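Peer 1: Enclosed is the structure file data-v8.pdb (PDB, C-alpha atoms, pLDDT in the B column).
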```pdb
ATOM      1  CA  MET F   1      10.387  21.299 -62.253  1.00 48.00           C
ATOM      2  CA  ALA F   2       7.416  22.728 -60.373  1.00 65.00           C
ATOM      3  CA  ASN F   3       6.884  26.479 -60.381  1.00 85.00           C
ATOM      4  CA  ILE F   4       7.214  27.349 -56.681  1.00 89.00           C
ATOM      5  CA  GLN F   5       6.296  30.836 -55.509  1.00 95.00           C
ATOM      6  CA  ILE F   6       6.501  32.186 -51.952  1.00 96.00           C
ATOM      7  CA  ARG F   7       4.162  35.147 -51.502  1.00 96.00           C
ATOM      8  CA  LYS F   8       2.242  36.983 -48.826  1.00 97.00           C
ATOM      9  CA  TYR F   9      -1.088  35.567 -47.735  1.00 97.00           C
ATOM     10  CA  ARG F  10      -4.285  36.842 -49.374  1.00 96.00           C
ATOM     11  CA  ASP F  11      -7.784  36.470 -47.959  1.00 95.00           C
ATOM     12  CA  GLU F  12      -8.778  34.061 -50.730  1.00 96.00           C
ATOM     13  CA  ASP F  13      -6.110  31.651 -49.400  1.00 96.00           C
ATOM     14  CA  SER F  14      -8.018  31.148 -46.137  1.00 96.00           C
ATOM     15  CA  GLU F  15      -9.607  27.775 -46.898  1.00 96.00           C
ATOM     16  CA  ALA F  16      -6.410  26.297 -48.364  1.00 96.00           C
ATOM     17  CA  VAL F  17      -4.382  27.487 -45.369  1.00 97.00           C
ATOM     18  CA  ARG F  18      -6.844  26.073 -42.858  1.00 96.00           C
ATOM     19  CA  ASP F  19      -6.916  22.727 -44.703  1.00 96.00           C
ATOM     20  CA  THR F  20      -3.107  22.603 -44.889  1.00 97.00           C
ATOM     21  CA  TYR F  21      -2.793  23.292 -41.172  1.00 96.00           C
ATOM     22  CA  THR F  22      -5.467  20.747 -40.206  1.00 96.00           C
ATOM     23  CA  MET F  23      -3.964  17.979 -42.320  1.00 96.00           C
ATOM     24  CA  GLY F  24      -0.454  18.740 -41.095  1.00 94.00           C
ATOM     25  CA  MET F  25      -1.479  18.563 -37.448  1.00 95.00           C
ATOM     26  CA  SER F  26      -3.552  15.400 -37.951  1.00 94.00           C
ATOM     27  CA  GLU F  27      -0.503  13.633 -39.397  1.00 94.00           C
ATOM     28  CA  HIS F  28       1.101  13.727 -35.943  1.00 93.00           C
ATOM     29  CA  VAL F  29      -1.582  11.541 -34.336  1.00 94.00           C
ATOM     30  CA  PRO F  30      -0.038   8.113 -35.217  1.00 94.00           C
ATOM     31  CA  SER F  31       3.499   9.119 -34.193  1.00 93.00           C
ATOM     32  CA  SER F  32       2.218  10.705 -30.964  1.00 91.00           C
ATOM     33  CA  PHE F  33       0.277   7.534 -30.132  1.00 92.00           C
ATOM     34  CA  MET F  34       3.379   5.408 -30.712  1.00 92.00           C
ATOM     35  CA  HIS F  35       5.412   7.822 -28.603  1.00 90.00           C
ATOM     36  CA  MET F  36       2.964   7.357 -25.741  1.00 88.00           C
ATOM     37  CA  LEU F  37       3.112   3.552 -26.060  1.00 90.00           C
ATOM     38  CA  LYS F  38       6.908   3.638 -25.766  1.00 89.00           C
ATOM     39  CA  GLN F  39       6.780   5.363 -22.383  1.00 86.00           C
ATOM     40  CA  PRO F  40       7.601   3.030 -19.422  1.00 87.00           C
ATOM     41  CA  PRO F  41       4.509   4.093 -17.372  1.00 84.00           C
ATOM     42  CA  THR F  42       2.220   3.218 -20.296  1.00 87.00           C
ATOM     43  CA  GLN F  43       3.852  -0.171 -20.758  1.00 89.00           C
ATOM     44  CA  MET F  44       3.681  -0.839 -17.026  1.00 90.00           C
ATOM     45  CA  VAL F  45      -0.055  -0.051 -16.890  1.00 89.00           C
ATOM     46  CA  LEU F  46      -0.764  -2.333 -19.858  1.00 90.00           C
ATOM     47  CA  MET F  47       1.317  -5.141 -18.346  1.00 92.00           C
ATOM     48  CA  CYS F  48      -0.391  -4.794 -14.956  1.00 92.00           C
ATOM     49  CA  ILE F  49      -3.849  -4.924 -16.555  1.00 90.00           C
ATOM     50  CA  PHE F  50      -2.920  -7.978 -18.597  1.00 89.00           C
ATOM     51  CA  CYS F  51      -1.315  -9.852 -15.688  1.00 90.00           C
ATOM     52  CA  ALA F  52      -4.096  -9.029 -13.217  1.00 90.00           C
ATOM     53  CA  LEU F  53      -6.839 -10.167 -15.565  1.00 88.00           C
ATOM     54  CA  ILE F  54      -5.098 -13.294 -16.778  1.00 86.00           C
ATOM     55  CA  THR F  55      -4.466 -14.292 -13.161  1.00 86.00           C
ATOM     56  CA  SER F  56      -8.042 -13.679 -12.040  1.00 87.00           C
ATOM     57  CA  SER F  57      -9.866 -14.964 -15.111  1.00 81.00           C
ATOM     58  CA  LYS F  58      -7.545 -17.831 -16.139  1.00 77.00           C
ATOM     59  CA  SER F  59      -8.301 -16.826 -19.734  1.00 81.00           C
ATOM     60  CA  PHE F  60      -6.358 -15.040 -22.466  1.00 84.00           C
ATOM     61  CA  LEU F  61      -9.442 -13.557 -24.100  1.00 89.00           C
ATOM     62  CA  LEU F  62     -10.458 -11.141 -21.315  1.00 90.00           C
ATOM     63  CA  PRO F  63      -7.001  -9.550 -20.773  1.00 88.00           C
ATOM     64  CA  ILE F  64      -6.429  -9.231 -24.515  1.00 91.00           C
ATOM     65  CA  LEU F  65      -9.828  -7.583 -24.919  1.00 92.00           C
ATOM     66  CA  ALA F  66      -9.164  -5.266 -21.973  1.00 92.00           C
ATOM     67  CA  VAL F  67      -5.748  -4.195 -23.279  1.00 92.00           C
ATOM     68  CA  THR F  68      -7.264  -3.619 -26.730  1.00 94.00           C
ATOM     69  CA  LEU F  69      -9.930  -1.354 -25.222  1.00 95.00           C
ATOM     70  CA  VAL F  70      -7.325   0.559 -23.211  1.00 93.00           C
ATOM     71  CA  LEU F  71      -5.248   1.067 -26.371  1.00 93.00           C
ATOM     72  CA  ALA F  72      -8.311   2.285 -28.255  1.00 95.00           C
ATOM     73  CA  GLY F  73      -9.056   4.723 -25.443  1.00 92.00           C
ATOM     74  CA  ALA F  74      -5.450   5.931 -25.406  1.00 89.00           C
ATOM     75  CA  ARG F  75      -5.503   6.588 -29.140  1.00 93.00           C
ATOM     76  CA  GLN F  76      -8.753   8.500 -28.792  1.00 93.00           C
ATOM     77  CA  LEU F  77      -7.097  10.608 -26.096  1.00 88.00           C
ATOM     78  CA  VAL F  78      -4.345  11.537 -28.557  1.00 90.00           C
ATOM     79  CA  VAL F  79      -6.919  12.344 -31.249  1.00 94.00           C
ATOM     80  CA  ASN F  80      -8.843  14.568 -28.835  1.00 92.00           C
ATOM     81  CA  VAL F  81      -5.677  16.437 -27.813  1.00 87.00           C
ATOM     82  CA  PHE F  82      -4.846  17.252 -31.420  1.00 92.00           C
ATOM     83  CA  ASN F  83      -8.445  18.091 -32.330  1.00 95.00           C
ATOM     84  CA  ARG F  84      -8.574  20.594 -29.465  1.00 92.00           C
ATOM     85  CA  GLN F  85      -5.337  22.181 -30.629  1.00 91.00           C
ATOM     86  CA  ILE F  86      -6.617  22.401 -34.201  1.00 95.00           C
ATOM     87  CA  ASP F  87      -9.937  23.921 -33.112  1.00 96.00           C
ATOM     88  CA  THR F  88      -8.175  26.442 -30.874  1.00 94.00           C
ATOM     89  CA  SER F  89      -5.839  27.578 -33.649  1.00 94.00           C
ATOM     90  CA  LEU F  90      -8.610  27.812 -36.251  1.00 95.00           C
ATOM     91  CA  SER F  91     -10.643  29.913 -33.812  1.00 94.00           C
ATOM     92  CA  ASN F  92      -7.741  32.193 -32.861  1.00 93.00           C
ATOM     93  CA  ASP F  93      -4.948  33.393 -35.142  1.00 94.00           C
ATOM     94  CA  LEU F  94      -6.033  31.388 -38.214  1.00 95.00           C
ATOM     95  CA  LYS F  95      -9.576  32.753 -38.048  1.00 94.00           C
ATOM     96  CA  ASN F  96      -8.489  36.133 -39.393  1.00 94.00           C
ATOM     97  CA  ILE F  97      -4.927  35.875 -40.656  1.00 96.00           C
ATOM     98  CA  SER F  98      -4.843  39.370 -42.122  1.00 95.00           C
ATOM     99  CA  GLU F  99      -5.718  40.926 -38.761  1.00 94.00           C
ATOM    100  CA  THR F 100      -3.422  38.658 -36.754  1.00 94.00           C
ATOM    101  CA  TYR F 101      -0.331  38.821 -38.940  1.00 96.00           C
ATOM    102  CA  LEU F 102      -0.464  41.208 -41.896  1.00 96.00           C
ATOM    103  CA  LYS F 103      -1.778  44.243 -40.037  1.00 94.00           C
ATOM    104  CA  GLN F 104       0.476  43.867 -36.997  1.00 92.00           C
ATOM    105  CA  LYS F 105       3.973  45.304 -36.683  1.00 93.00           C
ATOM    106  CA  ASP F 106       6.861  42.917 -37.386  1.00 95.00           C
ATOM    107  CA  SER F 107       4.462  40.109 -38.310  1.00 97.00           C
ATOM    108  CA  CYS F 108       3.745  38.390 -41.601  1.00 98.00           C
ATOM    109  CA  PHE F 109       2.173  35.287 -43.132  1.00 98.00           C
ATOM    110  CA  TRP F 110       3.315  33.639 -46.357  1.00 98.00           C
ATOM    111  CA  VAL F 111       2.033  30.818 -48.517  1.00 98.00           C
ATOM    112  CA  ALA F 112       3.895  28.563 -50.929  1.00 97.00           C
ATOM    113  CA  GLU F 113       2.136  28.233 -54.247  1.00 95.00           C
ATOM    114  CA  VAL F 114       2.861  25.580 -56.859  1.00 93.00           C
ATOM    115  CA  ASP F 115       1.230  26.039 -60.259  1.00 89.00           C
ATOM    116  CA  GLY F 116      -1.395  28.292 -58.691  1.00 90.00           C
ATOM    117  CA  VAL F 117      -2.237  25.956 -55.793  1.00 94.00           C
ATOM    118  CA  VAL F 118      -1.399  26.757 -52.156  1.00 96.00           C
ATOM    119  CA  VAL F 119       0.642  23.832 -50.792  1.00 97.00           C
ATOM    120  CA  GLY F 120       2.501  25.335 -47.833  1.00 97.00           C
ATOM    121  CA  MET F 121       2.525  28.150 -45.308  1.00 98.00           C
ATOM    122  CA  VAL F 122       4.515  29.841 -42.584  1.00 98.00           C
ATOM    123  CA  ALA F 123       4.109  32.868 -40.314  1.00 97.00           C
ATOM    124  CA  CYS F 124       6.135  34.924 -37.908  1.00 97.00           C
ATOM    125  CA  LEU F 125       5.447  37.465 -35.190  1.00 96.00           C
ATOM    126  CA  PRO F 126       7.291  38.986 -32.223  1.00 96.00           C
ATOM    127  CA  ALA F 127       8.248  36.377 -29.624  1.00 94.00           C
ATOM    128  CA  GLU F 128       6.352  36.914 -26.367  1.00 89.00           C
ATOM    129  CA  ASN F 129       9.256  36.276 -23.984  1.00 86.00           C
ATOM    130  CA  ALA F 130      12.150  37.416 -26.182  1.00 89.00           C
ATOM    131  CA  PRO F 131      11.779  41.026 -27.382  1.00 87.00           C
ATOM    132  CA  ALA F 132      14.849  40.788 -29.619  1.00 91.00           C
ATOM    133  CA  CYS F 133      13.462  37.813 -31.561  1.00 96.00           C
ATOM    134  CA  LEU F 134      10.688  36.899 -33.937  1.00 97.00           C
ATOM    135  CA  GLU F 135       8.920  33.535 -33.677  1.00 97.00           C
ATOM    136  CA  LEU F 136       8.339  31.223 -36.629  1.00 98.00           C
ATOM    137  CA  LYS F 137       4.865  29.687 -36.484  1.00 96.00           C
ATOM    138  CA  ARG F 138       2.395  27.620 -38.508  1.00 96.00           C
ATOM    139  CA  MET F 139       4.981  25.972 -40.732  1.00 96.00           C
ATOM    140  CA  SER F 140       3.300  23.290 -42.829  1.00 96.00           C
ATOM    141  CA  VAL F 141       3.714  21.795 -46.291  1.00 97.00           C
ATOM    142  CA  ARG F 142       1.254  19.373 -47.835  1.00 96.00           C
ATOM    143  CA  ARG F 143       2.546  15.803 -47.948  1.00 93.00           C
ATOM    144  CA  THR F 144       2.181  15.696 -51.750  1.00 93.00           C
ATOM    145  CA  HIS F 145       4.674  18.538 -52.168  1.00 94.00           C
ATOM    146  CA  ARG F 146       7.373  17.691 -49.638  1.00 92.00           C
ATOM    147  CA  ARG F 147      11.054  17.168 -50.471  1.00 90.00           C
ATOM    148  CA  MET F 148      10.839  19.895 -53.098  1.00 91.00           C
ATOM    149  CA  GLY F 149      12.644  22.543 -51.063  1.00 93.00           C
ATOM    150  CA  ILE F 150       9.440  24.360 -50.118  1.00 96.00           C
ATOM    151  CA  ALA F 151       9.926  24.160 -46.354  1.00 96.00           C
ATOM    152  CA  LYS F 152      13.499  25.448 -46.655  1.00 96.00           C
ATOM    153  CA  ALA F 153      12.321  28.320 -48.848  1.00 96.00           C
ATOM    154  CA  LEU F 154       9.698  29.227 -46.249  1.00 97.00           C
ATOM    155  CA  CYS F 155      12.316  29.116 -43.472  1.00 96.00           C
ATOM    156  CA  ARG F 156      14.635  31.383 -45.459  1.00 96.00           C
ATOM    157  CA  THR F 157      11.758  33.811 -46.053  1.00 97.00           C
ATOM    158  CA  VAL F 158      11.186  34.135 -42.306  1.00 97.00           C
ATOM    159  CA  ALA F 159      14.906  34.527 -41.608  1.00 97.00           C
ATOM    160  CA  GLU F 160      15.260  37.270 -44.193  1.00 96.00           C
ATOM    161  CA  PHE F 161      12.159  39.076 -42.913  1.00 97.00           C
ATOM    162  CA  THR F 162      13.577  38.904 -39.379  1.00 97.00           C
ATOM    163  CA  ARG F 163      17.020  40.133 -40.438  1.00 95.00           C
ATOM    164  CA  GLU F 164      15.592  43.046 -42.418  1.00 94.00           C
ATOM    165  CA  ARG F 165      13.794  44.280 -39.308  1.00 93.00           C
ATOM    166  CA  GLY F 166      16.906  44.158 -37.181  1.00 93.00           C
ATOM    167  CA  PHE F 167      15.965  41.294 -34.870  1.00 96.00           C
ATOM    168  CA  ALA F 168      18.714  39.124 -33.435  1.00 94.00           C
ATOM    169  CA  ALA F 169      17.222  35.673 -33.974  1.00 97.00           C
ATOM    170  CA  VAL F 170      14.293  33.505 -34.984  1.00 97.00           C
ATOM    171  CA  LEU F 171      12.707  31.235 -32.390  1.00 97.00           C
ATOM    172  CA  LEU F 172      10.363  28.314 -32.974  1.00 97.00           C
ATOM    173  CA  VAL F 173       8.779  25.450 -31.071  1.00 96.00           C
ATOM    174  CA  THR F 174       8.163  21.990 -32.477  1.00 95.00           C
ATOM    175  CA  SER F 175       7.267  18.651 -30.901  1.00 92.00           C
ATOM    176  CA  VAL F 176       9.317  15.605 -30.026  1.00 91.00           C
ATOM    177  CA  VAL F 177       7.387  13.499 -32.559  1.00 92.00           C
ATOM    178  CA  ALA F 178       8.011  15.906 -35.470  1.00 93.00           C
ATOM    179  CA  THR F 179      11.343  14.317 -36.342  1.00 93.00           C
ATOM    180  CA  ASP F 180      11.335  15.484 -39.975  1.00 93.00           C
ATOM    181  CA  ALA F 181      10.742  19.066 -38.831  1.00 95.00           C
ATOM    182  CA  GLN F 182      13.571  18.800 -36.293  1.00 96.00           C
ATOM    183  CA  LYS F 183      15.976  17.631 -38.998  1.00 96.00           C
ATOM    184  CA  LEU F 184      14.857  20.424 -41.312  1.00 96.00           C
ATOM    185  CA  TYR F 185      15.400  23.135 -38.714  1.00 97.00           C
ATOM    186  CA  GLU F 186      18.773  21.752 -37.674  1.00 96.00           C
ATOM    187  CA  ASP F 187      19.848  21.605 -41.327  1.00 95.00           C
ATOM    188  CA  MET F 188      18.829  25.273 -41.621  1.00 94.00           C
ATOM    189  CA  GLY F 189      21.120  26.205 -38.719  1.00 94.00           C
ATOM    190  CA  TYR F 190      18.670  26.239 -35.814  1.00 97.00           C
ATOM    191  CA  LYS F 191      20.037  25.187 -32.433  1.00 96.00           C
ATOM    192  CA  LYS F 192      18.032  23.380 -29.765  1.00 96.00           C
ATOM    193  CA  ILE F 193      17.865  25.549 -26.646  1.00 94.00           C
ATOM    194  CA  ARG F 194      15.416  23.781 -24.333  1.00 92.00           C
ATOM    195  CA  GLU F 195      12.751  21.100 -23.936  1.00 92.00           C
ATOM    196  CA  ILE F 196       9.355  21.708 -22.353  1.00 85.00           C
ATOM    197  CA  VAL F 197       6.913  19.088 -21.035  1.00 79.00           C
ATOM    198  CA  ILE F 198       3.332  20.159 -21.708  1.00 75.00           C
ATOM    199  CA  PRO F 199       1.865  20.927 -18.257  1.00 70.00           C
ATOM    200  CA  GLU F 200      -1.668  19.691 -19.024  1.00 70.00           C
ATOM    201  CA  LEU F 201      -2.629  16.228 -17.736  1.00 66.00           C
ATOM    202  CA  ALA F 202      -2.892  14.754 -21.218  1.00 64.00           C
ATOM    203  CA  GLY F 203       0.578  16.060 -22.042  1.00 65.00           C
ATOM    204  CA  LYS F 204       2.019  14.494 -18.891  1.00 68.00           C
ATOM    205  CA  ILE F 205       0.324  11.169 -19.610  1.00 68.00           C
ATOM    206  CA  MET F 206       1.761  11.175 -23.139  1.00 67.00           C
ATOM    207  CA  ASN F 207       5.116  12.604 -21.947  1.00 75.00           C
ATOM    208  CA  PHE F 208       4.687  15.003 -24.852  1.00 80.00           C
ATOM    209  CA  ILE F 209       7.738  17.246 -25.084  1.00 88.00           C
ATOM    210  CA  LEU F 210       8.022  20.506 -26.993  1.00 92.00           C
ATOM    211  CA  ILE F 211      11.447  21.535 -28.300  1.00 95.00           C
ATOM    212  CA  GLU F 212      12.438  25.173 -28.675  1.00 96.00           C
ATOM    213  CA  TYR F 213      14.953  26.128 -31.374  1.00 97.00           C
ATOM    214  CA  ARG F 214      16.836  29.361 -32.077  1.00 97.00           C
ATOM    215  CA  LEU F 215      18.464  30.636 -35.263  1.00 97.00           C
ATOM    216  CA  ASP F 216      21.028  33.344 -34.434  1.00 95.00           C
ATOM    217  CA  LEU F 217      21.086  35.586 -37.477  1.00 90.00           C
ATOM    218  CA  GLN F 218      24.341  37.366 -36.656  1.00 69.00           C
ATOM    219  CA  ARG F 219      26.165  34.049 -36.441  1.00 50.00           C
ATOM    220  CA  GLU F 220      24.474  32.861 -39.632  1.00 45.00           C
ATOM    221  CA  GLY F 221      25.533  36.018 -41.430  1.00 41.00           C
ATOM    222  CA  LYS F 222      29.198  35.589 -40.494  1.00 39.00           C
ATOM    223  CA  SER F 223      29.274  32.069 -41.904  1.00 38.00           C
ATOM    224  CA  GLU F 224      27.887  33.005 -45.295  1.00 37.00           C
TER     225      GLU F 224
END
```
Would you put the structure from the file into structure tokens?

Peer 2:
Amino acid sequence: MANIQIRKYRDEDSEAVRDTYTMGMSEHVPSSFMHMLKQPPTQMVLMCIFCALITSSKSFLLPILAVTLVLAGARQLVVNVFNRQIDTSLSNDLKNISETYLKQKDSCFWVAEVDGVVVGMVACLPAENAPACLELKRMSVRRTHRRMGIAKALCRTVAEFTRERGFAAVLLVTSVVATDAQKLYEDMGYKKIREIVIPELAGKIMNFILIEYRLDLQREGKSE
């Protein structure tokens, strides 16, 4: 049985945290690409390109090559979207975690350590549009250490921190392609409250939906 410890972030954890976040985000590229391919507008565009070229060229090679190039371009679009998000996060709150989370009121950042190695992380801070709630952010566990209960332990840490400070609930946002995360949160008692389509052009093209969840701590407390 691995020795799992949840503790507050220390400055020497910076590189491990940044690597964990980057790898976790990058894992969503294949599923996001497949999600985009399943959208009817994407399939219609690919079919139109194929049919138009096969009709005009009387050859299978040109339309197949064209569709392949379009697919390669679409995947690169997904990669660029995630790379921008990663760069933005590493330049903002993850650039100086102590300043962003540990030195701010009602905020904190924890890491999960197994045998002295940082393998997971989570943070929370006051929710911008819900003064009575804290928001869970930056949840990530390295693939090599999943299904060990680490993510659930991190979720419970945030819930307890939130309850101790008298807040009514924990909010979080995850993506439509993060199906494992959705199942985890729902198993932990979170309820889906709304879906949001990313307003940027790339988000609309991909039909990339964000899902907001809420864990009501009063209700959770009554059931225990």

Peer 1: Hey, could you make a per-residue contact list for region 111-155 of chain F against region 23-43 of chain F with 8 Å as the cut-off, showing the nearest pair of atoms and its distance in Å to one decimal, counting all atoms listed in the file, sorted by chain and number, as a Markdown table?

Peer 2:
```
| residue | atom | partner | partner_atom | distance |
| --- | --- | --- | --- | --- |
| F:Ser140 | CA | F:Gly24 | CA | 6.1 |
| F:Val141 | CA | F:Gly24 | CA | 7.3 |
| F:Arg142 | CA | F:Gly24 | CA | 7.0 |
```

Peer 1: Could you save the residues just selected, with C-alpha atoms, as a PDB file, in the frame of the given file?

Peer 2:
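Saved the output as part18.pdb:
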```
ATOM      1  CA  SER F 140       3.300  23.290 -42.829  1.00 96.00           C
ATOM      2  CA  VAL F 141       3.714  21.795 -46.291  1.00 97.00           C
ATOM      3  CA  ARG F 142       1.254  19.373 -47.835  1.00 96.00           C
TER       4      ARG F 142
END
```

Peer 1: Using CA of Leu77 (chain F) and CA of Ile198 (chain F) as the two end points, give the distance in Å to one decimal.

Peer 2: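 About the pair CA of Leu77 (chain F) and CA of Ile198 (chain F): they are 14.8 Å apart.
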
Peer 1: Could I get the residues of region 9-60 of chain F with an atom no further than 8 Å from an atom of region 88-111 of chain F, each paired with its nearest atom pair and that distance in Å to one decimal, using only C-alpha atoms, sorted by chain and residue number, as a tab-separated table?

Peer 2:
```
residue	atom	partner	partner_atom	distance
F:Tyr9	CA	F:Trp110	CA	5.0
F:Arg10	CA	F:Ser98	CA	7.7
F:Asp11	CA	F:Ser98	CA	7.2
F:Ser14	CA	F:Ile97	CA	7.9
F:Val17	CA	F:Val111	CA	7.9
F:Arg18	CA	F:Leu90	CA	7.1
```

Peer 1: Would you pick out the contacts of Asn80 (chain F) at 10 Å or less, using only C-alpha atoms, so that residues sharing its chain but fewer than 5 positions from it are not included, and give the list as a PyMOL selection string?

Peer 2: chain F and resi 29+74-75+85-86+202

Peer 1: As a check of understanding, name the residues that the PyMOL selection byres ((chain F and resi 188) around 12) selects in the supplied structure, as a list in words.

Peer 2: Gly149, Ala151, Lys152, Ala153, Leu154, Cys155, Arg156, Thr157, Val158, Ala159, Val170, Ala181, Gln182, Lys183, Leu184, Tyr185, Glu186, Asp187, Gly189, Tyr190, Lys191, Tyr213, Arg214, Leu215, Asp216, Leu217 and Glu220 of chain F

Peer 1: Kindly give the distance, in Å, that separates CA of Gln5 (chain F) and CA of Glu164 (chain F), rounded to a single decimal.

Peer 2: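 The value is 20.2 Å.
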
Peer 1: Given only C-alpha atoms as the basis, pick out the residue of F:Val79, F:Lys192, F:Ile150, F:Ala130 nearest to Glu113 (chain F).

Peer 2: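 Closest residue, counting only C-alpha atoms: F:Ile150.
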
Peer 1: Residues at most 7 Å from Ile209 (chain F), counting all atoms listed in the file, excluding those fewer than 2 positions away in the same chain, as a PyMOL selection string?

Peer 2: chain F and resi 175-176+195-198+207+211

Peer 1: For the file shown, what are the residues hit by the PyMOL selection byres ((chain F and resi 173) around 6), laid out as a VMD selection string?

Peer 2: chain F and resid 172 174 211 to 212

Peer 1: Go ahead and dump the residues you just picked, C-alpha atoms, as a short mmCIF file (atom, residue, chain, number, x, y, z; two decimals), in the coordinates of the input.

Peer 2:
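Written output follows (again.cif):
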```cif
data_model
loop_
_atom_site.label_atom_id
_atom_site.label_comp_id
_atom_site.auth_asym_id
_atom_site.auth_seq_id
_atom_site.Cartn_x
_atom_site.Cartn_y
_atom_site.Cartn_z
CA LEU F 172 10.36 28.31 -32.97
CA THR F 174 8.16 21.99 -32.48
CA ILE F 211 11.45 21.54 -28.30
CA GLU F 212 12.44 25.17 -28.68
#
```

Peer 1: Written as a list in words, what is the full residue list that the PyMOL selection byres ((chain F and resi 115) around 12) yields on the file shown?

Peer 2: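 Taken on the displayed file, the PyMOL selection byres ((chain F and resi 115) around 12) yields the residues Met1, Ala2, Asn3, Ile4, Gln5, Ile6, Ala112, Glu113, Val114, Gly116, Val117, Val118, Val119 and His145 of chain F.
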
Peer 1: Counting all atoms listed in the file, which residues come within 8 Å of (-9.6, -7.0, -18.9), with the point read in the file's coordinates, and could you list them as a list in words?

Peer 2: Ile49, Phe50, Leu53, Leu62, Pro63, Ile64, Leu65, Ala66 and Val67 of chain F

Peer 1: Please measure the separation of CA of Ala169 (chain F) and CA of Asn129 (chain F), giving the value in Å to one decimal.

Peer 2: 12.8 Å

Peer 1: Nearest residue to Thr20 (chain F) out of F:Met139, F:Leu61, F:Ala132, F:Leu46, using all atoms listed in the file?

Peer 2: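 Using all atoms listed in the file, the shortest distance to Thr20 (chain F) belongs to F:Met139.
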